[in-house]
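In what follows, a single structure is set out as structure tokens and then discussed.
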Amino acid sequence: MHTIVCVKQVLDPEIPPAKFKIDPAAKQVIPPAGVPPVISVFDERAVEAACRLKDKHKGKITVISMGTAKAADVVKHAISMGADDGYVLQDPAFENLDSFGTAYVLGKAIQKIGGYDLVLCGRQAADWGAGQVGSILAEILGIPVVTLACAIEAVEKKLRVKRMVKDGYEVLEAPMPSLVTVSSEIGLPRLPGGMGLMMARKKQIPVWKAQDIGAESSKLDKANAHTEVTGLSVPTRKTECEIIAGGTPGEAAVNLALKLIKLI
Amino acid sequence: MSPVSATYWGIPGYVIFWILFAIAFGLFAQRFYFLFRLMRLGKLENRFDRIGERIKTMLVEVVPQWCTLKTVTRKDLAGIGHALLFWCFSLFFISYIIFIGLAGGFGLSPLIEGTPFETVYFSILDIAAVLVTLTLIVAAVRRYVIRVQRLEPSAEAGIILMMVFSLMVLHVFGVGFDHASQGVHASWPPIGATLAGLLSGTGLAQGTLEAASRGVWWLHYMVILSFMVYIPRSKHLHILASLVNAFFKQLGPKVVLEPIPLEALEAPEGSVTFGVSKIQDFTWKDLLDLYACAVCGRCHVNCPAQLTGKTLSPREVIHNLKEHLLQAGPGLLANKAEASSDNQGESQAETPAKTPTKSMIGDVVTEEEIWACTTCGACQEVCPVNIEHIRKIIDLRRNLVLTQSKMPESAQLMLRNMQSRGHPWAGVQSMRLRGDWTSDLDLKILADGDNADTLFWVGCTGALVERNVKATLSMTRVLKAAGVDFGVLGEAETCCGDPARRAGYEFQFQMMAEQNIEIFKGHNIKEIITTCPHCYNTIKHEYPRYGGDFKVVHYTQLIADLIRQGRLKLTNELNSKLTYHDPCYLGRYNSVYMEPRRILQAIPKAKLEEMERSRDTGFCCGGGGGLMWIEEQPGTTKINQMRLEDVLKTGAETVVTACPYCLQMFEDSIEHKEIKDSLKARDLVELVEAALTK
């Protein structure tokens with residue numbers, strides 16, 4: 001079984017909110033100094049899902065990441081978790097692509113790799129959170145897509161996927177190959193073991209440019225983008241605290257209840 | 001005339017003597033060889049360096065009994081009893097060689113019997129027998145009447161006490177019957193001679209006395225032989241093994257963790273396990289440790305995890321591992337023999353019958369025990385027989401983390417942070433970033449290509465946690481006041497790797513060590529000042545293995561020195577009663593006890609009140625060994641809360657320490673007990689800054 005996982009390198013979401021800065025004019029995020037970027041948490045769960053399938057059915061995992069040269073770090077991280085091969089897709093033409101452009105590039109790389117049974121993505125990226133790439137990518141590859149998976153099994157050449165819905169989950173079956181986007185409910189990703197760390201250390205990560213994957217420049221042209229960022233701002237969060245008074249705890253509780261009734 | 005020269009039922013006494021000896025020695029040697037082969041199942045480790053130093057260490061520990069006398073406290077005087085027993089029994093042991101072996105077995109009795117040498121030696125033995133008997137009585141009372149906490153009353157201990165006691169009785173009766181049967185009227189040796197007088201007074205026939213004398217002699221001989229047979233089959237194996245263990249003890253730093261050899265990683269996938277999951281994964285020295293244990297339980301009553309109700313007991317860990325080795329050993333030896341006789345064929349799978357039925361992690365040592373250890377070193381400090389508990393625990397953790405991927409969720413979170421963020425703290429735990437503490441300060445922050453002789457290595461807790469940042473800032477101001485020229489790394493500083501290493505995540509540690517050493521070398525750094533004792537220990541003792549040889553000083557050493565040189569003048573009065581908590585990695589690990597106290601003495605009107613558990617018996621704060629981040633195992637109380645009670649007993653208003661973890665742990669326990677108004681936790685450097693002449 002060959003699984004291809006798409007991973008993205010993002011700004012560490014654990015940084016304190018006060019340190020998060022943007023450039024509203026350029027509509028860009030300014031990465032704070034001294035904070036190494038990390039693998040998007042949802043994509044890390046997609047790698048975990050792939051590793052669990054590999055634990056059970058053997059096979060091979062290939063990881064791709066579109067980004068800067070530093071994206072090799074997240075590819076290596078996936079290898080340390082149990083992936084076998086990895087590629088970085090880096091080209092000036094890939095910068096600031098929208099979901100459609102990103103899916104196009106990933107699709108080209110996946111077609112070049114070929115011979116896959118399953119493509120996994122995180123349910124969304126931990127930075128922009130659009131949640132579009134997975135579905136568009138499936139469309140480009142011409143394969144079925146199941147989103148928001150919390151468990152994936154391979155049963156007799158088919159995929160059985162538990163998919164999160166509003167008040168529980170549904171179980172879907174899909175043929176191979178298919179694309180599945182993975183949700184956090186799949187569980188904590190593993191800590192890379194000793195063997196994995198050493199594999200990652202030794203592994204060379206090839207970098208593919210636009211011409212390596214045969215990406216057409218017209219598809220990467222910003223003028224042809226389907227979406228446009230019209231504004232960027234940091235949401236302001238205001239908290240107000242009011243102590244509800246009362247002679248006794250019971251009175252205070254009554255006052256609180258009255259206050260809450262008014263708010264509903 | 002020695003009873004050996006007589007003939008019994010037509011058989012010469014000599015024949016009986018040597019046959020008995022051959023049987024006993026055979027049984028002894030058989031067991032000894034078995035134990036030796038078991039030990040050889042362990043992995044290789046070189047402890048054959050510095051032979052001269054090793055011999056000296058062994059003699060110093062054993063002959064004057066420093067091994068047990070060092071553990072004597074007001075509450076536990078048992079070490080004195082052990083020393084007495086050791087010295088007296090050594091005299092007896094020598095007497096067995098001379099008076100039974102040489103005089104009896106080799107027929108030299110005419111040369112020895114009746115000589116002043118014999119009289120003097122036997123007189124000394126009489127006194128020794130009394131001392132031994134008294135010690136045995138105390139030992140029995142402690143075990144079976146008072147039931148001292150650290151000792152498990154066992155049948156083995158009872159058998160040994162009875163055997164030693166019977167040897168004493170047989171010794172004095174031997175002399176008594178000998179003198180009585182030969183009609184010797186002497187006043188020396190005192191007890192033997194008195195007994196002889198009493199026996200002569202009974203009016204027993206000469207022949208009866210002679211027969212009894214011979215009987216006692218042979219009985220004595222046989223008890224000695226049984227003792228020899230019993231030793232390697234009981235916990236009294238420590239008599240031999242602890243001697244050898246003292247020779248092979250860890251020289252240099254007290255707790256040393258061996259790196260996982262990188263060659264292991266070149267092996268094909270699946271064929272390597274990291275750390276220790278089977279008894280034969282330990283090194284032979286680790287297995288020798290198990291033989292050396294006399295189950296004295298000193299570690300048991302000094303272990304912070306055990307004292308706060310966790311399941312971990314270092315005594316039980318070692319004892320259970322030994323039992324496991326003895327149980328699983330024969331099967332493992334058979335496998336080994338099979339493998340070597342069959343080395344031509346394909347590697348044989350272990351047959352189920354010979355594979356240990358117990359899995360070591362889980363059945364012999366539980367995961368709960370493995371994660372309860374703070375690596376504080378209290379067990380190793382008190383261990384009279386040089387057992388290295390901590391590296392065994394870390395080896396077990398290595399296997400759990402690197403091979404099995406099994407660890408508490410809190411440990412995984414910490415290790416993931418180390419891996420992706422270069423430090424163990426997650427952003428939500430501290431609202432700061434690595435370089436933040438340097439903002440608005442006039443500091444030499446080393447950029448690429450900058451050089452500095454002296455680096456102030458802040459450590460991740462000192463750079464990221466708000467409470468500890470205060471101490472870091474105090475430190476920079478104190479250094480500046482003393483005119484010390486230093487650089488800092490600012491946001492380029494990562495963790496030293498200690499939490500990863502203690503949690504068993506060895507490769508993460510190795511990568512961080514290599515990376516940090518490269519950074520130090522890149523800035524041409526010669527000397528490193530640390531505020532964190534964990535960084536201090538790691539950079540000083542563990543980085544040299546990766547090519548990083550730097551002069552490392554802890555700030556308490558530096559400040560004590562600066563005060564002595566007059567470069568820091570402390571004049572502001574403190575006027576407060578305080579107590580000092582020894583950080584384990586500064587005190588026990590590195591023997592820095594004097595300097596912090598010297599600094600406190602230099603602060604005017606600082607009244608230092610020592611806690612009962614201080615210096616080498618200091619009690620852990622609960623934060624070592626990665627447990628600053630790994631959730632404490634369930635118990636009756638938390639370690640930091642128990643330590644807070646020690647502080648409160650002194651009546652101090654301030655608890656001073658010199659470690660960011662300890663400081664955090666005290667802040668937490670003070671908060672938990674809601675006594676923030678009456679007790680403050682301070683880093684020593686904060687007091688120094690407050691006392692500085694402005």
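Residues are referred to by chain and number: the chain letter is A, B, ... according to the order shown in the structure tokens, the number counts from 1 in that chain, and ligands are numbered separately from 1 in the order shown.
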
(request) Write out as a PyMOL selection string all residues of range 358-445 of chain B that backbone DSSP assigns to helix (DSSP H, G or I). (result) chain B and resi 360-364+367-370+378-382+389-403+409-421+436-438

(request) Pull out every residue of chain A that has at least one atom within 6 Å of chain B, counting only C-alpha atoms, and report them as a VMD selection string. (result) chain A and resid 14 to 16 34 193 to 194

Can you build me a table of range 368-458 of chain B residues sitting at most 10 Å from range 525-547 of chain B, with the closest atom pair per residue and its distance in Å to one decimal, using only C-alpha atoms, sorted by chain and residue number, as CSV?
```
residue,atom,partner,partner_atom,distance
B:Asn451,CA,B:Ile525,CA,7.0
B:Ala452,CA,B:Ile525,CA,5.6
B:Asp453,CA,B:Ile525,CA,4.8
B:Thr454,CA,B:Glu527,CA,4.8
B:Leu455,CA,B:Ile528,CA,4.8
B:Phe456,CA,B:Ile529,CA,4.8
B:Trp457,CA,B:Thr530,CA,5.1
B:Val458,CA,B:Thr530,CA,6.2
```

Please produce a file of those selected residues containing N, CA, C and O atoms, as a short mmCIF file (atom, residue, chain, number, x, y, z; two decimals), in the first residue's frame.
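Wrote it out as again.cif, contents follow:
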```
data_model
loop_
_atom_site.label_atom_id
_atom_site.label_comp_id
_atom_site.auth_asym_id
_atom_site.auth_seq_id
_atom_site.Cartn_x
_atom_site.Cartn_y
_atom_site.Cartn_z
N ASN B 451 32.68 36.99 18.73
CA ASN B 451 33.41 36.13 19.65
C ASN B 451 33.28 36.62 21.08
O ASN B 451 33.12 37.81 21.31
N ALA B 452 33.34 35.69 22.01
CA ALA B 452 33.36 36.07 23.43
C ALA B 452 34.07 34.98 24.19
O ALA B 452 33.94 33.80 23.85
N ASP B 453 34.84 35.37 25.20
CA ASP B 453 35.50 34.37 26.03
C ASP B 453 34.50 33.70 26.97
O ASP B 453 34.53 32.51 27.18
N THR B 454 33.63 34.56 27.54
CA THR B 454 32.72 34.05 28.56
C THR B 454 31.28 34.18 28.09
O THR B 454 30.86 35.24 27.63
N LEU B 455 30.58 33.09 28.22
CA LEU B 455 29.17 33.09 27.82
C LEU B 455 28.31 32.90 29.06
O LEU B 455 28.59 32.04 29.89
N PHE B 456 27.28 33.72 29.20
CA PHE B 456 26.28 33.45 30.23
C PHE B 456 25.18 32.64 29.55
O PHE B 456 24.43 33.14 28.74
N TRP B 457 25.14 31.35 29.90
CA TRP B 457 24.15 30.43 29.33
C TRP B 457 22.93 30.47 30.27
O TRP B 457 23.00 30.07 31.42
N VAL B 458 21.84 30.97 29.74
CA VAL B 458 20.68 31.26 30.59
C VAL B 458 19.87 30.01 30.91
O VAL B 458 19.39 29.82 32.03
#
```

(request) Give me the residues within 9 Å of range 219-234 of chain A as number ranges by chain, counting only C-alpha atoms and dropping any in the same chain fewer than 3 places off. (result) A: 20-29, 93-94, 96-102, 104-105, 215-216

Output N, CA and C atoms for every residue in that selection, as a PDB file, in the first residue's frame.
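Dumped everything to result-v1.pdb:
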```pdb
ATOM      1  N   PHE A  20       2.227  37.890  17.796  1.00  0.00           N
ATOM      2  CA  PHE A  20       1.797  37.661  16.423  1.00  0.00           C
ATOM      3  C   PHE A  20       1.635  39.006  15.710  1.00  0.00           C
ATOM      4  N   LYS A  21       2.474  39.235  14.681  1.00  0.00           N
ATOM      5  CA  LYS A  21       2.458  40.526  13.991  1.00  0.00           C
ATOM      6  C   LYS A  21       2.164  40.320  12.496  1.00  0.00           C
ATOM      7  N   ILE A  22       1.443  41.293  11.930  1.00  0.00           N
ATOM      8  CA  ILE A  22       1.200  41.228  10.485  1.00  0.00           C
ATOM      9  C   ILE A  22       1.575  42.549   9.844  1.00  0.00           C
ATOM     10  N   ASP A  23       1.738  42.506   8.536  1.00  0.00           N
ATOM     11  CA  ASP A  23       1.945  43.715   7.757  1.00  0.00           C
ATOM     12  C   ASP A  23       0.647  43.931   6.964  1.00  0.00           C
ATOM     13  N   PRO A  24      -0.255  44.799   7.461  1.00  0.00           N
ATOM     14  CA  PRO A  24      -1.581  44.922   6.830  1.00  0.00           C
ATOM     15  C   PRO A  24      -1.473  45.420   5.392  1.00  0.00           C
ATOM     16  N   ALA A  25      -0.466  46.273   5.111  1.00  0.00           N
ATOM     17  CA  ALA A  25      -0.344  46.821   3.763  1.00  0.00           C
ATOM     18  C   ALA A  25      -0.001  45.724   2.762  1.00  0.00           C
ATOM     19  N   ALA A  26       1.032  44.912   3.123  1.00  0.00           N
ATOM     20  CA  ALA A  26       1.437  43.830   2.222  1.00  0.00           C
ATOM     21  C   ALA A  26       0.522  42.613   2.364  1.00  0.00           C
ATOM     22  N   LYS A  27      -0.377  42.676   3.333  1.00  0.00           N
ATOM     23  CA  LYS A  27      -1.296  41.572   3.639  1.00  0.00           C
ATOM     24  C   LYS A  27      -0.504  40.279   3.898  1.00  0.00           C
ATOM     25  N   GLN A  28       0.513  40.438   4.730  1.00  0.00           N
ATOM     26  CA  GLN A  28       1.349  39.272   5.035  1.00  0.00           C
ATOM     27  C   GLN A  28       1.619  39.173   6.534  1.00  0.00           C
ATOM     28  N   VAL A  29       1.917  37.949   6.976  1.00  0.00           N
ATOM     29  CA  VAL A  29       2.281  37.721   8.372  1.00  0.00           C
ATOM     30  C   VAL A  29       3.781  37.919   8.516  1.00  0.00           C
ATOM     31  N   ALA A  93       7.825  30.622  -8.205  1.00  0.00           N
ATOM     32  CA  ALA A  93       6.479  30.685  -8.788  1.00  0.00           C
ATOM     33  C   ALA A  93       5.429  30.095  -7.852  1.00  0.00           C
ATOM     34  N   PHE A  94       5.874  29.302  -6.848  1.00  0.00           N
ATOM     35  CA  PHE A  94       4.916  28.659  -5.935  1.00  0.00           C
ATOM     36  C   PHE A  94       4.514  29.580  -4.782  1.00  0.00           C
ATOM     37  N   ASN A  96       2.965  32.255  -2.385  1.00  0.00           N
ATOM     38  CA  ASN A  96       1.664  32.922  -2.230  1.00  0.00           C
ATOM     39  C   ASN A  96       0.596  32.433  -3.214  1.00  0.00           C
ATOM     40  N   LEU A  97       0.599  31.156  -3.488  1.00  0.00           N
ATOM     41  CA  LEU A  97      -0.474  30.605  -4.316  1.00  0.00           C
ATOM     42  C   LEU A  97      -1.738  30.457  -3.466  1.00  0.00           C
ATOM     43  N   ASP A  98      -2.904  30.529  -4.135  1.00  0.00           N
ATOM     44  CA  ASP A  98      -4.139  30.262  -3.386  1.00  0.00           C
ATOM     45  C   ASP A  98      -4.384  28.754  -3.361  1.00  0.00           C
ATOM     46  N   SER A  99      -5.516  28.349  -2.800  1.00  0.00           N
ATOM     47  CA  SER A  99      -5.784  26.913  -2.635  1.00  0.00           C
ATOM     48  C   SER A  99      -5.774  26.180  -3.970  1.00  0.00           C
ATOM     49  N   PHE A 100      -6.300  26.839  -5.013  1.00  0.00           N
ATOM     50  CA  PHE A 100      -6.348  26.188  -6.324  1.00  0.00           C
ATOM     51  C   PHE A 100      -4.935  25.976  -6.882  1.00  0.00           C
ATOM     52  N   GLY A 101      -4.132  27.014  -6.789  1.00  0.00           N
ATOM     53  CA  GLY A 101      -2.757  26.923  -7.275  1.00  0.00           C
ATOM     54  C   GLY A 101      -1.967  25.869  -6.512  1.00  0.00           C
ATOM     55  N   THR A 102      -2.148  25.857  -5.177  1.00  0.00           N
ATOM     56  CA  THR A 102      -1.440  24.889  -4.335  1.00  0.00           C
ATOM     57  C   THR A 102      -1.839  23.467  -4.728  1.00  0.00           C
ATOM     58  N   TYR A 104      -2.954  22.477  -7.513  1.00  0.00           N
ATOM     59  CA  TYR A 104      -2.409  22.174  -8.839  1.00  0.00           C
ATOM     60  C   TYR A 104      -0.965  21.677  -8.731  1.00  0.00           C
ATOM     61  N   VAL A 105      -0.157  22.392  -7.942  1.00  0.00           N
ATOM     62  CA  VAL A 105       1.257  22.013  -7.789  1.00  0.00           C
ATOM     63  C   VAL A 105       1.371  20.634  -7.132  1.00  0.00           C
ATOM     64  N   ALA A 215       4.876  21.835 -14.211  1.00  0.00           N
ATOM     65  CA  ALA A 215       3.791  22.771 -13.911  1.00  0.00           C
ATOM     66  C   ALA A 215       3.792  23.902 -14.939  1.00  0.00           C
ATOM     67  N   GLU A 216       2.625  24.183 -15.489  1.00  0.00           N
ATOM     68  CA  GLU A 216       2.536  25.242 -16.506  1.00  0.00           C
ATOM     69  C   GLU A 216       2.479  26.602 -15.832  1.00  0.00           C
TER      70      GLU A 216
END
```

(message) From a backbone DSSP assignment, name each residue in range 33-230 of chain A labelled strand (DSSP E or B), as a PyMOL selection string.
(response) chain A and resi 38-39+60-66+85-89+118-122+145-155+158-165+168-175+178-182+207-208

(message) Neighbouring residues of range 46-53 of chain A were defined as those with any atom within 6 Å, considering only C-alpha atoms; residues of the same chain fewer than 6 positions away were excluded. Please report them as JSON, numbers by chain.
(response) {"A": [82, 120, 121, 122, 182, 189]}

Could you save those same residues with C-alpha atoms as a PDB file, in the first residue's frame?
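Written out: part_32.pdb:
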```pdb
ATOM      1  CA  GLY A  82       7.768   6.521   9.793  1.00  0.00           C
ATOM      2  CA  LEU A 120      -3.792  12.110   2.749  1.00  0.00           C
ATOM      3  CA  CYS A 121      -4.040  15.782   3.713  1.00  0.00           C
ATOM      4  CA  GLY A 122      -4.755  17.532   6.985  1.00  0.00           C
ATOM      5  CA  VAL A 182      -7.643  13.866   8.399  1.00  0.00           C
ATOM      6  CA  PRO A 189       0.728  11.846  16.543  1.00  0.00           C
TER       7      PRO A 189
END
```

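For range 106-113 of chain A, the set of protein, DNA and RNA residues having any atom at most 9 Å away, when counting only C-alpha atoms and skipping those fewer than 6 positions along the same chain, is Ile4, Cys6, Thr62, Ile64, Ser65, Met66, Tyr87, Leu89, Val119, Leu137, Ala138, Ile140, Leu141, Trp208, Asp212, Ile213, Gly214 and Ala215 of chain A.
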
(request) Mind checking which residues fall within 7 Å of Gly377 in chain B, counting only C-alpha atoms, ignoring those fewer than 3 positions away in the same chain, and posting them as a PyMOL selection string? (result) chain B and resi 380-381+588

Mind dumping the selected residues with N, CA and C atoms as a compact mmCIF listing (two decimals), in the first residue's frame?
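Okay, selection.txt is ready:
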```
# COMPACT_ATOMS: atom_id res chain seq x y z
N GLN B 380 21.76 6.57 45.17
CA GLN B 380 23.17 6.25 44.92
C GLN B 380 24.07 6.84 45.99
N GLU B 381 23.66 7.99 46.52
CA GLU B 381 24.47 8.65 47.54
C GLU B 381 24.58 7.78 48.80
N ARG B 588 24.44 16.96 45.32
CA ARG B 588 24.85 15.56 45.19
C ARG B 588 25.62 15.28 43.90
```

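Of the residues under consideration (A:Leu118, A:Leu191, A:Val75, A:Ala125), A:Leu118 shows the shortest atom-to-atom contact distance to Lys157 in chain A when counting only C-alpha atoms.
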
(request) Skip Cys460 in chain B itself and residues of its chain fewer than 2 positions away, then list as a PyMOL selection string all residues within 7 Å of it, counting only C-alpha atoms. (result) chain B and resi 423+458+462-464+494-495

Once you have the residues from the selection above, write them out as a CSV table (one decimal), in the first residue's frame, restricted to all heavy atoms.
```
chain,number,residue,atom,x,y,z
B,423,HIS,N,13.1,23.7,23.0
B,423,HIS,CA,13.0,23.8,24.4
B,423,HIS,C,11.8,23.1,24.9
B,423,HIS,O,10.8,22.8,24.2
B,423,HIS,CB,13.0,25.2,24.9
B,423,HIS,CG,11.8,26.0,24.4
B,423,HIS,ND1,10.6,25.9,25.0
B,423,HIS,CD2,11.7,26.9,23.4
B,423,HIS,CE1,9.8,26.7,24.4
B,423,HIS,NE2,10.4,27.3,23.4
B,458,VAL,N,21.8,31.0,29.7
B,458,VAL,CA,20.7,31.3,30.6
B,458,VAL,C,19.9,30.0,30.9
B,458,VAL,O,19.4,29.8,32.0
B,458,VAL,CB,19.8,32.3,29.9
B,458,VAL,CG1,18.6,32.6,30.7
B,458,VAL,CG2,20.6,33.6,29.6
B,462,GLY,N,15.1,29.7,32.6
B,462,GLY,CA,15.5,31.1,33.0
B,462,GLY,C,15.2,32.1,31.9
B,462,GLY,O,15.1,33.3,32.1
B,463,ALA,N,15.0,31.6,30.7
B,463,ALA,CA,14.7,32.5,29.6
B,463,ALA,C,13.2,32.6,29.3
B,463,ALA,O,12.8,33.6,28.7
B,463,ALA,CB,15.5,32.1,28.3
B,464,LEU,N,12.5,31.6,29.7
B,464,LEU,CA,11.1,31.6,29.2
B,464,LEU,C,10.0,31.7,30.3
B,464,LEU,O,8.9,32.1,30.0
B,464,LEU,CB,10.9,30.2,28.5
B,464,LEU,CG,11.6,30.1,27.1
B,464,LEU,CD1,11.6,28.7,26.6
B,464,LEU,CD2,10.8,31.0,26.1
B,494,THR,N,19.2,27.5,22.7
B,494,THR,CA,18.2,26.5,22.8
B,494,THR,C,18.4,25.8,24.1
B,494,THR,O,19.1,26.3,25.0
B,494,THR,CB,18.3,25.4,21.7
B,494,THR,OG1,19.6,24.8,21.8
B,494,THR,CG2,18.1,26.0,20.3
B,495,CYS,N,17.7,24.6,24.3
B,495,CYS,CA,17.8,23.9,25.5
B,495,CYS,C,19.2,23.1,25.5
B,495,CYS,O,19.7,22.8,24.5
B,495,CYS,CB,16.7,22.9,25.6
B,495,CYS,SG,16.7,21.8,27.0
```

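Comparing B:Ala503, B:Ala513, B:Leu307, B:Ala471 by their smallest distance to Asp683 in chain B, the closest is B:Ala471 (using only C-alpha atoms).
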
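If you look at CA of Thr311 in chain B and CA of Cys299 in chain B, they are 13.8 Å away from each other.
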
(request) Would you please work out which residue, of A:Lys262, A:Ala257, A:Ile30, A:His77, is nearest to Arg190 in chain A when using only C-alpha atoms? (result) A:His77
